[in-house]
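The next block is start.cif, given as mmCIF, C-alpha atoms, pLDDT in the B column; chains and numbers go by the auth columns.
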```
data_entry
loop_
_atom_site.group_PDB
_atom_site.id
_atom_site.type_symbol
_atom_site.label_atom_id
_atom_site.label_comp_id
_atom_site.label_asym_id
_atom_site.label_seq_id
_atom_site.Cartn_x
_atom_site.Cartn_y
_atom_site.Cartn_z
_atom_site.B_iso_or_equiv
_atom_site.auth_seq_id
_atom_site.auth_asym_id
ATOM 1 C CA MET A 1 -139.301 -216.273 45.863 51.00 10 A
ATOM 2 C CA SER A 2 -137.717 -216.158 49.293 56.00 11 A
ATOM 3 C CA THR A 3 -137.813 -213.242 51.715 55.00 12 A
ATOM 4 C CA ARG A 4 -134.068 -212.698 51.196 56.00 13 A
ATOM 5 C CA ASP A 5 -134.431 -212.286 47.438 58.00 14 A
ATOM 6 C CA ARG A 6 -137.234 -209.735 47.858 54.00 15 A
ATOM 7 C CA SER A 7 -135.169 -207.658 50.314 54.00 16 A
ATOM 8 C CA GLN A 8 -132.196 -207.590 47.932 56.00 17 A
ATOM 9 C CA ARG A 9 -134.389 -206.355 45.023 56.00 18 A
ATOM 10 C CA GLY A 10 -135.834 -203.517 47.118 56.00 19 A
ATOM 11 C CA ALA A 11 -132.444 -202.260 48.364 62.00 20 A
ATOM 12 C CA GLY A 12 -131.498 -200.194 45.218 75.00 21 A
ATOM 13 C CA PHE A 13 -132.571 -198.792 41.819 78.00 22 A
ATOM 14 C CA THR A 14 -132.496 -200.540 38.548 87.00 23 A
ATOM 15 C CA LEU A 15 -130.454 -199.145 35.624 84.00 24 A
ATOM 16 C CA LEU A 16 -133.634 -197.992 33.888 85.00 25 A
ATOM 17 C CA GLU A 17 -134.753 -196.052 36.961 83.00 26 A
ATOM 18 C CA LEU A 18 -131.353 -194.345 37.205 84.00 27 A
ATOM 19 C CA LEU A 19 -131.487 -193.343 33.543 86.00 28 A
ATOM 20 C CA VAL A 20 -134.978 -191.891 33.945 85.00 29 A
ATOM 21 C CA ALA A 21 -133.938 -189.916 37.034 85.00 30 A
ATOM 22 C CA ILE A 22 -130.827 -188.541 35.276 88.00 31 A
ATOM 23 C CA ALA A 23 -132.914 -187.528 32.278 87.00 32 A
ATOM 24 C CA ILE A 24 -135.401 -185.673 34.501 88.00 33 A
ATOM 25 C CA PHE A 25 -132.636 -183.827 36.336 85.00 34 A
ATOM 26 C CA ALA A 26 -131.017 -182.915 32.997 87.00 35 A
ATOM 27 C CA VAL A 27 -134.276 -181.435 31.680 86.00 36 A
ATOM 28 C CA ILE A 28 -134.796 -179.442 34.891 87.00 37 A
ATOM 29 C CA GLY A 29 -131.186 -178.182 34.739 84.00 38 A
ATOM 30 C CA VAL A 30 -131.523 -177.081 31.101 83.00 39 A
ATOM 31 C CA MET A 31 -134.762 -175.239 31.857 84.00 40 A
ATOM 32 C CA ALA A 32 -133.244 -173.528 34.888 83.00 41 A
ATOM 33 C CA TYR A 33 -130.132 -172.495 32.947 81.00 42 A
ATOM 34 C CA GLY A 34 -132.233 -171.123 30.097 81.00 43 A
ATOM 35 C CA GLY A 35 -134.296 -169.029 32.495 81.00 44 A
ATOM 36 C CA LEU A 36 -131.177 -167.745 34.267 79.00 45 A
ATOM 37 C CA GLN A 37 -129.535 -166.897 30.944 81.00 46 A
ATOM 38 C CA GLN A 38 -132.611 -164.952 29.855 82.00 47 A
ATOM 39 C CA ILE A 39 -132.685 -162.994 33.120 84.00 48 A
ATOM 40 C CA MET A 40 -128.991 -162.157 32.828 84.00 49 A
ATOM 41 C CA SER A 41 -129.440 -161.069 29.210 83.00 50 A
ATOM 42 C CA GLN A 42 -132.355 -158.817 30.120 83.00 51 A
ATOM 43 C CA GLN A 43 -130.360 -157.330 32.981 83.00 52 A
ATOM 44 C CA GLN A 44 -127.462 -156.594 30.623 84.00 53 A
ATOM 45 C CA GLN A 45 -129.781 -154.959 28.090 83.00 54 A
ATOM 46 C CA THR A 46 -131.382 -152.879 30.831 85.00 55 A
ATOM 47 C CA THR A 47 -127.958 -151.737 32.034 87.00 56 A
ATOM 48 C CA GLU A 48 -126.862 -150.832 28.495 85.00 57 A
ATOM 49 C CA HIS A 49 -130.087 -148.871 27.844 85.00 58 A
ATOM 50 C CA ALA A 50 -129.697 -147.047 31.154 88.00 59 A
ATOM 51 C CA GLN A 51 -126.109 -146.120 30.308 88.00 60 A
ATOM 52 C CA ARG A 52 -127.172 -145.001 26.820 87.00 61 A
ATOM 53 C CA LEU A 53 -129.954 -142.866 28.243 89.00 62 A
ATOM 54 C CA ALA A 54 -127.578 -141.326 30.789 91.00 63 A
ATOM 55 C CA ALA A 55 -125.097 -140.470 28.010 90.00 64 A
ATOM 56 C CA LEU A 56 -127.849 -138.831 25.932 92.00 65 A
ATOM 57 C CA GLN A 57 -129.085 -136.856 28.936 93.00 66 A
ATOM 58 C CA LEU A 58 -125.532 -135.690 29.617 93.00 67 A
ATOM 59 C CA ALA A 59 -125.108 -134.623 25.980 94.00 68 A
ATOM 60 C CA TYR A 60 -128.375 -132.686 26.161 95.00 69 A
ATOM 61 C CA ARG A 61 -127.390 -130.907 29.369 95.00 70 A
ATOM 62 C CA VAL A 62 -123.937 -129.995 28.046 95.00 71 A
ATOM 63 C CA MET A 63 -125.368 -128.581 24.809 95.00 72 A
ATOM 64 C CA GLN A 64 -128.092 -126.727 26.701 94.00 73 A
ATOM 65 C CA ARG A 65 -125.541 -125.194 29.074 94.00 74 A
ATOM 66 C CA ASP A 66 -123.386 -124.025 26.177 95.00 75 A
ATOM 67 C CA LEU A 67 -126.239 -122.507 24.159 94.00 76 A
ATOM 68 C CA GLU A 68 -127.643 -120.717 27.199 92.00 77 A
ATOM 69 C CA GLN A 69 -124.335 -118.831 27.487 93.00 78 A
ATOM 70 C CA LEU A 70 -124.149 -117.812 23.843 93.00 79 A
ATOM 71 C CA VAL A 71 -122.416 -114.453 23.280 92.00 80 A
ATOM 72 C CA ALA A 72 -122.087 -112.197 20.239 91.00 81 A
ATOM 73 C CA ARG A 73 -118.383 -112.632 19.628 91.00 82 A
ATOM 74 C CA ARG A 74 -117.063 -113.226 16.137 92.00 83 A
ATOM 75 C CA ILE A 75 -113.698 -114.968 15.783 93.00 84 A
ATOM 76 C CA ARG A 76 -110.948 -115.387 13.229 92.00 85 A
ATOM 77 C CA ASN A 77 -110.316 -118.934 12.021 90.00 86 A
ATOM 78 C CA GLU A 78 -107.034 -120.583 11.116 89.00 87 A
ATOM 79 C CA PHE A 79 -106.934 -118.727 7.787 89.00 88 A
ATOM 80 C CA GLY A 80 -107.582 -115.300 9.278 88.00 89 A
ATOM 81 C CA ASP A 81 -111.182 -115.120 8.046 91.00 90 A
ATOM 82 C CA SER A 82 -113.884 -113.583 10.208 91.00 91 A
ATOM 83 C CA VAL A 83 -116.451 -116.138 11.400 91.00 92 A
ATOM 84 C CA GLU A 84 -119.873 -115.294 12.840 92.00 93 A
ATOM 85 C CA ALA A 85 -120.637 -115.792 16.505 92.00 94 A
ATOM 86 C CA LEU A 86 -122.959 -118.685 15.581 93.00 95 A
ATOM 87 C CA ILE A 87 -122.696 -120.862 12.481 93.00 96 A
ATOM 88 C CA GLY A 88 -124.251 -124.225 11.704 93.00 97 A
ATOM 89 C CA GLY A 89 -126.573 -126.310 9.594 87.00 98 A
ATOM 90 C CA SER A 90 -126.249 -127.148 5.910 81.00 99 A
ATOM 91 C CA GLY A 91 -122.991 -125.966 4.401 76.00 100 A
ATOM 92 C CA PHE A 92 -121.211 -126.430 7.715 84.00 101 A
ATOM 93 C CA GLU A 93 -120.274 -129.600 9.537 82.00 102 A
ATOM 94 C CA GLY A 94 -122.185 -129.367 12.798 91.00 103 A
ATOM 95 C CA LEU A 95 -122.620 -126.323 15.029 95.00 104 A
ATOM 96 C CA GLU A 96 -120.038 -123.787 16.220 95.00 105 A
ATOM 97 C CA PHE A 97 -120.478 -120.720 18.411 95.00 106 A
ATOM 98 C CA SER A 98 -118.947 -118.522 21.104 94.00 107 A
ATOM 99 C CA ARG A 99 -120.061 -118.973 24.698 94.00 108 A
ATOM 100 C CA GLY A 100 -119.328 -117.158 27.933 92.00 109 A
ATOM 101 C CA GLY A 101 -118.614 -118.573 31.347 87.00 110 A
ATOM 102 C CA TYR A 102 -115.206 -120.048 30.477 86.00 111 A
ATOM 103 C CA ALA A 103 -113.985 -120.892 33.973 83.00 112 A
ATOM 104 C CA ASN A 104 -110.621 -119.435 34.939 82.00 113 A
ATOM 105 C CA PRO A 105 -109.807 -120.736 38.436 82.00 114 A
ATOM 106 C CA GLY A 106 -106.093 -120.075 37.915 82.00 115 A
ATOM 107 C CA GLY A 107 -106.648 -116.395 37.203 83.00 116 A
ATOM 108 C CA PHE A 108 -104.782 -116.466 33.882 83.00 117 A
ATOM 109 C CA ARG A 109 -104.848 -113.443 31.607 83.00 118 A
ATOM 110 C CA ARG A 110 -107.268 -114.733 29.016 83.00 119 A
ATOM 111 C CA SER A 111 -110.826 -114.225 27.872 85.00 120 A
ATOM 112 C CA GLU A 112 -113.787 -115.752 29.661 89.00 121 A
ATOM 113 C CA ILE A 113 -115.337 -116.475 26.259 93.00 122 A
ATOM 114 C CA GLN A 114 -114.750 -119.870 24.668 93.00 123 A
ATOM 115 C CA ARG A 115 -115.316 -121.189 21.169 95.00 124 A
ATOM 116 C CA VAL A 116 -117.297 -124.442 21.114 96.00 125 A
ATOM 117 C CA ALA A 117 -118.273 -126.775 18.272 95.00 126 A
ATOM 118 C CA TYR A 118 -120.465 -129.875 18.002 96.00 127 A
ATOM 119 C CA VAL A 119 -119.232 -131.945 15.083 94.00 128 A
ATOM 120 C CA PRO A 120 -120.367 -135.381 13.789 93.00 129 A
ATOM 121 C CA ASP A 121 -117.477 -137.776 13.216 92.00 130 A
ATOM 122 C CA GLN A 122 -118.569 -141.067 11.650 89.00 131 A
ATOM 123 C CA ASP A 123 -120.897 -142.566 14.300 91.00 132 A
ATOM 124 C CA GLN A 124 -119.933 -140.140 17.075 93.00 133 A
ATOM 125 C CA LEU A 125 -120.847 -136.622 18.148 94.00 134 A
ATOM 126 C CA LEU A 126 -117.776 -134.699 19.270 95.00 135 A
ATOM 127 C CA ARG A 127 -117.623 -131.574 21.382 96.00 136 A
ATOM 128 C CA ARG A 128 -114.642 -129.445 20.430 95.00 137 A
ATOM 129 C CA THR A 129 -113.297 -126.495 22.402 94.00 138 A
ATOM 130 C CA TRP A 130 -110.467 -124.100 21.659 93.00 139 A
ATOM 131 C CA ARG A 131 -108.238 -122.472 24.241 88.00 140 A
ATOM 132 C CA VAL A 132 -108.064 -119.282 22.187 90.00 141 A
ATOM 133 C CA LEU A 133 -110.748 -117.364 20.340 91.00 142 A
ATOM 134 C CA ASP A 134 -108.826 -116.055 17.333 92.00 143 A
ATOM 135 C CA ARG A 135 -107.060 -119.168 16.167 91.00 144 A
ATOM 136 C CA ALA A 136 -103.651 -119.647 14.596 90.00 145 A
ATOM 137 C CA GLN A 137 -102.855 -122.370 12.103 87.00 146 A
ATOM 138 C CA ASP A 138 -101.544 -124.609 14.882 88.00 147 A
ATOM 139 C CA SER A 139 -104.512 -124.073 17.222 89.00 148 A
ATOM 140 C CA ALA A 140 -105.716 -127.628 17.799 90.00 149 A
ATOM 141 C CA PRO A 141 -109.044 -128.162 19.594 93.00 150 A
ATOM 142 C CA ASP A 142 -109.685 -130.354 22.613 93.00 151 A
ATOM 143 C CA GLU A 143 -112.213 -133.111 21.865 95.00 152 A
ATOM 144 C CA GLU A 144 -114.579 -135.240 23.896 94.00 153 A
ATOM 145 C CA VAL A 145 -117.094 -137.838 22.724 94.00 154 A
ATOM 146 C CA LEU A 146 -120.681 -137.037 23.745 93.00 155 A
ATOM 147 C CA ILE A 147 -122.705 -139.584 21.748 92.00 156 A
ATOM 148 C CA GLU A 148 -121.778 -142.925 20.207 91.00 157 A
ATOM 149 C CA GLY A 149 -123.781 -144.969 17.713 89.00 158 A
ATOM 150 C CA MET A 150 -125.094 -141.859 15.964 92.00 159 A
ATOM 151 C CA ALA A 151 -126.444 -142.301 12.438 91.00 160 A
ATOM 152 C CA GLY A 152 -127.151 -138.655 11.606 91.00 161 A
ATOM 153 C CA LEU A 153 -127.324 -135.062 12.851 93.00 162 A
ATOM 154 C CA THR A 154 -129.723 -132.405 11.526 93.00 163 A
ATOM 155 C CA LEU A 155 -129.958 -128.781 12.653 95.00 164 A
ATOM 156 C CA ARG A 156 -132.625 -126.117 12.173 94.00 165 A
ATOM 157 C CA PHE A 157 -132.790 -122.536 13.373 95.00 166 A
ATOM 158 C CA LEU A 158 -135.864 -120.477 14.233 94.00 167 A
ATOM 159 C CA ALA A 159 -135.340 -117.015 12.752 92.00 168 A
ATOM 160 C CA PRO A 160 -136.705 -113.852 14.426 89.00 169 A
ATOM 161 C CA ASN A 161 -139.574 -113.908 11.880 89.00 170 A
ATOM 162 C CA ASN A 162 -140.596 -117.352 13.221 91.00 171 A
ATOM 163 C CA GLU A 163 -139.482 -119.152 10.055 92.00 172 A
ATOM 164 C CA TRP A 164 -137.271 -122.217 10.279 94.00 173 A
ATOM 165 C CA GLN A 165 -133.922 -122.074 8.490 93.00 174 A
ATOM 166 C CA ASP A 166 -131.724 -125.077 7.688 93.00 175 A
ATOM 167 C CA ARG A 167 -128.536 -123.051 8.216 93.00 176 A
ATOM 168 C CA TRP A 168 -127.280 -120.073 10.191 93.00 177 A
ATOM 169 C CA PRO A 169 -126.631 -117.368 9.205 90.00 178 A
ATOM 170 C CA PRO A 170 -129.308 -117.728 6.513 88.00 179 A
ATOM 171 C CA LEU A 171 -128.265 -117.464 2.884 79.00 180 A
ATOM 172 C CA GLY A 172 -128.197 -113.914 1.588 68.00 181 A
ATOM 173 C CA SER A 173 -128.368 -112.389 5.043 60.00 182 A
ATOM 174 C CA GLY A 174 -124.933 -110.728 4.767 57.00 183 A
ATOM 175 C CA PRO A 175 -122.897 -109.608 7.773 55.00 184 A
ATOM 176 C CA THR A 176 -125.061 -109.206 10.830 53.00 185 A
ATOM 177 C CA PRO A 177 -124.543 -106.575 13.531 48.00 186 A
ATOM 178 C CA ALA A 178 -123.419 -107.751 16.932 45.00 187 A
ATOM 179 C CA GLY A 179 -126.083 -108.693 19.460 43.00 188 A
ATOM 180 C CA VAL A 180 -128.820 -109.408 16.895 50.00 189 A
ATOM 181 C CA ASP A 181 -127.290 -112.291 14.954 66.00 190 A
ATOM 182 C CA PHE A 182 -128.929 -115.106 16.915 89.00 191 A
ATOM 183 C CA PRO A 183 -131.946 -117.264 16.090 93.00 192 A
ATOM 184 C CA ARG A 184 -134.723 -117.592 18.620 93.00 193 A
ATOM 185 C CA ALA A 185 -134.205 -121.339 19.022 94.00 194 A
ATOM 186 C CA VAL A 186 -132.052 -124.199 17.753 95.00 195 A
ATOM 187 C CA GLU A 187 -133.549 -127.586 16.903 96.00 196 A
ATOM 188 C CA VAL A 188 -131.235 -130.602 16.999 95.00 197 A
ATOM 189 C CA LEU A 189 -132.330 -133.932 15.504 94.00 198 A
ATOM 190 C CA VAL A 190 -130.064 -136.791 16.544 93.00 199 A
ATOM 191 C CA GLU A 191 -130.595 -140.155 14.847 93.00 200 A
ATOM 192 C CA ILE A 192 -129.462 -143.075 17.010 90.00 201 A
ATOM 193 C CA ASP A 193 -129.004 -146.550 15.558 84.00 202 A
ATOM 194 C CA ASP A 194 -131.180 -148.414 18.066 80.00 203 A
ATOM 195 C CA LEU A 195 -133.389 -145.568 19.342 85.00 204 A
ATOM 196 C CA GLY A 196 -134.453 -143.712 16.214 89.00 205 A
ATOM 197 C CA ILE A 197 -134.625 -139.911 15.966 92.00 206 A
ATOM 198 C CA ILE A 198 -134.391 -137.799 19.130 93.00 207 A
ATOM 199 C CA ARG A 199 -135.522 -134.154 18.920 95.00 208 A
ATOM 200 C CA TRP A 200 -133.963 -131.512 21.143 95.00 209 A
ATOM 201 C CA LEU A 201 -135.134 -127.899 21.161 95.00 210 A
ATOM 202 C CA PHE A 202 -132.927 -125.251 22.770 95.00 211 A
ATOM 203 C CA ARG A 203 -133.970 -121.688 23.451 92.00 212 A
ATOM 204 C CA VAL A 204 -131.312 -119.143 22.530 91.00 213 A
ATOM 205 C CA PRO A 205 -130.807 -116.027 24.694 85.00 214 A
ATOM 206 C CA GLN A 206 -131.631 -112.823 22.848 75.00 215 A
ATOM 207 C CA SER A 207 -129.396 -110.583 24.992 57.00 216 A
ATOM 208 C CA SER A 208 -125.706 -111.268 25.327 51.00 217 A
ATOM 209 C CA VAL A 209 -122.295 -109.710 25.793 47.00 218 A
ATOM 210 C CA VAL A 210 -121.518 -107.475 22.824 48.00 219 A
ATOM 211 C CA THR A 211 -117.911 -106.902 21.849 48.00 220 A
ATOM 212 C CA PRO A 212 -116.735 -103.418 20.963 41.00 221 A
ATOM 213 C CA ALA A 213 -115.931 -102.127 17.512 34.00 222 A
ATOM 214 C CA GLY A 214 -112.264 -103.032 17.839 38.00 223 A
ATOM 215 C CA ALA A 215 -112.971 -106.771 18.015 46.00 224 A
ATOM 216 C CA PRO A 216 -114.602 -109.163 15.560 42.00 225 A
ATOM 217 C CA GLY A 217 -118.271 -109.103 16.377 38.00 226 A
ATOM 218 C CA GLY A 218 -118.331 -105.343 16.879 38.00 227 A
ATOM 219 C CA ALA A 219 -119.403 -102.757 14.373 35.00 228 A
ATOM 220 C CA PRO A 220 -119.508 -103.803 10.713 35.00 229 A
ATOM 221 C CA GLY A 221 -116.304 -103.076 8.896 35.00 230 A
ATOM 222 C CA SER A 222 -114.105 -103.455 11.963 36.00 231 A
ATOM 223 C CA ASP A 223 -112.772 -106.931 11.140 38.00 232 A
ATOM 224 C CA ASP A 224 -109.365 -105.575 10.126 37.00 233 A
ATOM 225 C CA GLU A 225 -108.658 -104.360 13.638 38.00 234 A
ATOM 226 C CA SER A 226 -106.923 -106.699 16.042 37.00 235 A
ATOM 227 C CA PRO A 227 -108.978 -107.809 19.086 38.00 236 A
ATOM 228 C CA ALA A 228 -105.950 -108.900 21.103 35.00 237 A
ATOM 229 C CA ASP A 229 -105.295 -105.489 22.662 38.00 238 A
ATOM 230 C CA GLU A 230 -108.942 -104.818 23.448 39.00 239 A
ATOM 231 C CA ALA A 231 -109.327 -107.373 26.251 36.00 240 A
ATOM 232 C CA GLY A 232 -110.140 -105.886 29.617 38.00 241 A
ATOM 233 C CA LYS A 233 -110.641 -102.302 28.383 39.00 242 A
ATOM 234 C CA LYS A 234 -113.684 -100.192 29.159 38.00 243 A
ATOM 235 C CA THR A 235 -115.464 -98.543 26.246 39.00 244 A
ATOM 236 C CA PRO A 236 -118.254 -95.989 26.560 39.00 245 A
ATOM 237 C CA ASP A 237 -121.673 -96.831 25.339 43.00 246 A
ATOM 238 C CA ASP A 238 -123.298 -94.814 22.562 42.00 247 A
ATOM 239 C CA GLY A 239 -124.661 -92.022 24.687 41.00 248 A
ATOM 240 C CA GLY A 240 -126.195 -94.164 27.421 41.00 249 A
ATOM 241 C CA GLY A 241 -123.575 -93.288 30.000 38.00 250 A
ATOM 242 C CA LYS A 242 -122.855 -96.961 30.699 39.00 251 A
ATOM 243 C CA THR A 243 -119.696 -98.868 30.151 38.00 252 A
ATOM 244 C CA GLY A 244 -119.279 -102.394 28.841 38.00 253 A
ATOM 245 C CA GLU A 245 -116.303 -104.691 29.313 40.00 254 A
ATOM 246 C CA ALA A 246 -114.657 -105.789 26.097 37.00 255 A
ATOM 247 C CA GLU A 247 -114.344 -109.536 25.786 39.00 256 A
ATOM 248 C CA GLY A 248 -111.120 -110.623 24.077 35.00 257 A
#
```
Translate this structure into structure tokens?
Amino acid sequence: MSTRDRSQRGAGFTLLELLVAIAIFAVIGVMAYGGLQQIMSQQQQTTEHAQRLAALQLAYRVMQRDLEQLVARRIRNEFGDSVEALIGGSGFEGLEFSRGGYANPGGFRRSEIQRVAYVPDQDQLLRRTWRVLDRAQDSAPDEEVLIEGMAGLTLRFLAPNNEWQDRWPPLGSGPTPAGVDFPRAVEVLVEIDDLGIIRWLFRVPQSSVVTPAGAPGGAPGSDDESPADEAGKKTPDDGGGKTGEAEG
């Protein structure tokens, strides 16, 4: 073989060499893409878990804030029936109560007490609020979604005798006087589809604003009196010389 023939053979790659090189690059590319896809998938899962955890923490803080401002104020529902300041558990869909601290930056003539409810709706936990305490038949609540992907909601209440109750007020307790109708704590069990059961325990304040006898939540037997005209009045205490502001 001449020198010219040898130089021509060494100037390029054969077809077999090209096929082997392409195959190697293809394998490396597939491996690199698989690793990148796995990293991106893990990053997406981490972001979703972080967002889920943030939503659960927000729901916990909102519920804690509401329960810490619990007040002894009965209301009248859409049918005119008197409803306790705090109701929930078995026999009732979710948890509903009266809370103080209803912000009024506009200075409107309304109560600073607000009625709040936490209600399961399919796979969501809704927070409902009403703009009035004693509701009419057309009083529609405002709703916001706190938790999504919820499989179940269970409530328990720690009674003053340190016994857990599955509903509040307990069965057979009858009407309770204002200011003493609260449990010591509320336990909330939230079952999440991909996280399991989450247990929240909220301490309930044992002293709160007490409405006078003219409003629901005052003295027993006063439910027939209208609370609308009692807002903002001063009523004397029972011999203590102090005055308390009536919450409407």
Determine the nearest neighbour of Val141 in chain A from the options A:Ser91, A:Ser107, A:Gln174, A:Gln47, counting all atoms listed in the file.
A:Ser107
Quick one: distance from CA of Ile201 in chain A to CA of Leu134 in chain A in Å, one decimal?
10.8 Å
Separation of CA of Gly103 in chain A from CA of Trp173 in chain A in Å:
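So the two atoms, CA of Trp173 in chain A and CA of Gly103 in chain A, lie 16.9 Å apart.
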Write out as number ranges by chain each polymer residue whose atoms come within 8 Å of Leu67 in chain A, counting only C-alpha atoms; drop sequence neighbours fewer than 4 positions from it.
A: 63, 71, 155
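Relative to CA of Ile156 in chain A, CA of Ile48 in chain A is found at 27.9 Å.
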May I ask which of the residues A:Glu153, A:Gly21, A:Asp132, A:Gln215 is the closest one to Pro169 in chain A, counting only C-alpha atoms?
A:Gln215
Min atom-atom distance to Asp175 in chain A from the set A:Trp139, A:Phe34, A:Phe191, A:Phe101, counting all atoms listed in the file, belongs to A:Phe101
On this structure, the PyMOL selection byres ((chain A and resi 98) around 8) would catch which residues? List them as number ranges by chain, sorted by chain and number.
A: 96-97, 99-104, 163-165, 175-177
Minimum-distance residue to Leu198 in chain A, chosen among A:Gly110, A:Gly43, A:Gly161, A:Gly115 (using all atoms listed in the file)
A:Gly161
Using the chain letters and numbers from the file, give me the residues hit by the PyMOL selection byres ((chain A and resi 72) around 10), as a PDB file with C-alpha atoms, in the frame of the given file.
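Result saved to part-v4.pdb:
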```
ATOM      1  CA  GLN A  66    -129.085-136.856  28.936  1.00 93.00           C
ATOM      2  CA  LEU A  67    -125.532-135.690  29.617  1.00 93.00           C
ATOM      3  CA  ALA A  68    -125.108-134.623  25.980  1.00 94.00           C
ATOM      4  CA  TYR A  69    -128.375-132.686  26.161  1.00 95.00           C
ATOM      5  CA  ARG A  70    -127.390-130.907  29.369  1.00 95.00           C
ATOM      6  CA  VAL A  71    -123.937-129.995  28.046  1.00 95.00           C
ATOM      7  CA  GLN A  73    -128.092-126.727  26.701  1.00 94.00           C
ATOM      8  CA  ARG A  74    -125.541-125.194  29.074  1.00 94.00           C
ATOM      9  CA  ASP A  75    -123.386-124.025  26.177  1.00 95.00           C
ATOM     10  CA  LEU A  76    -126.239-122.507  24.159  1.00 94.00           C
ATOM     11  CA  GLU A  77    -127.643-120.717  27.199  1.00 92.00           C
ATOM     12  CA  VAL A 125    -117.297-124.442  21.114  1.00 96.00           C
ATOM     13  CA  ALA A 126    -118.273-126.775  18.272  1.00 95.00           C
ATOM     14  CA  TYR A 127    -120.465-129.875  18.002  1.00 96.00           C
ATOM     15  CA  ARG A 136    -117.623-131.574  21.382  1.00 96.00           C
ATOM     16  CA  LEU A 155    -120.681-137.037  23.745  1.00 93.00           C
ATOM     17  CA  VAL A 197    -131.235-130.602  16.999  1.00 95.00           C
ATOM     18  CA  TRP A 209    -133.963-131.512  21.143  1.00 95.00           C
ATOM     19  CA  PHE A 211    -132.927-125.251  22.770  1.00 95.00           C
TER      20      PHE A 211
END
```
Mind working out the centre and edge lengths of an axis-aligned box for range 89-93 of chain A, all listed atoms inside, 6 Å added to each side, rounded to one decimal in Å and written as lines of an AutoDock Vina configuration file?
```
center_x = -113.7
center_y = -114.9
center_z = 10.4
size_x = 24.3
size_y = 14.6
size_z = 16.8
```
Applying the PyMOL selection byres ((chain A and resi 123) around 10) to the file I just gave you, which residues come out? Please list them as a PyMOL selection string.
chain A and resi 75+79-80+82+106-112+120-122+124-125+138-142+257
Within 10 Å of Phe88 in chain A, counting only C-alpha atoms, which residues qualify if same-chain residues fewer than 2 places away don't, as a count of residues only?
7
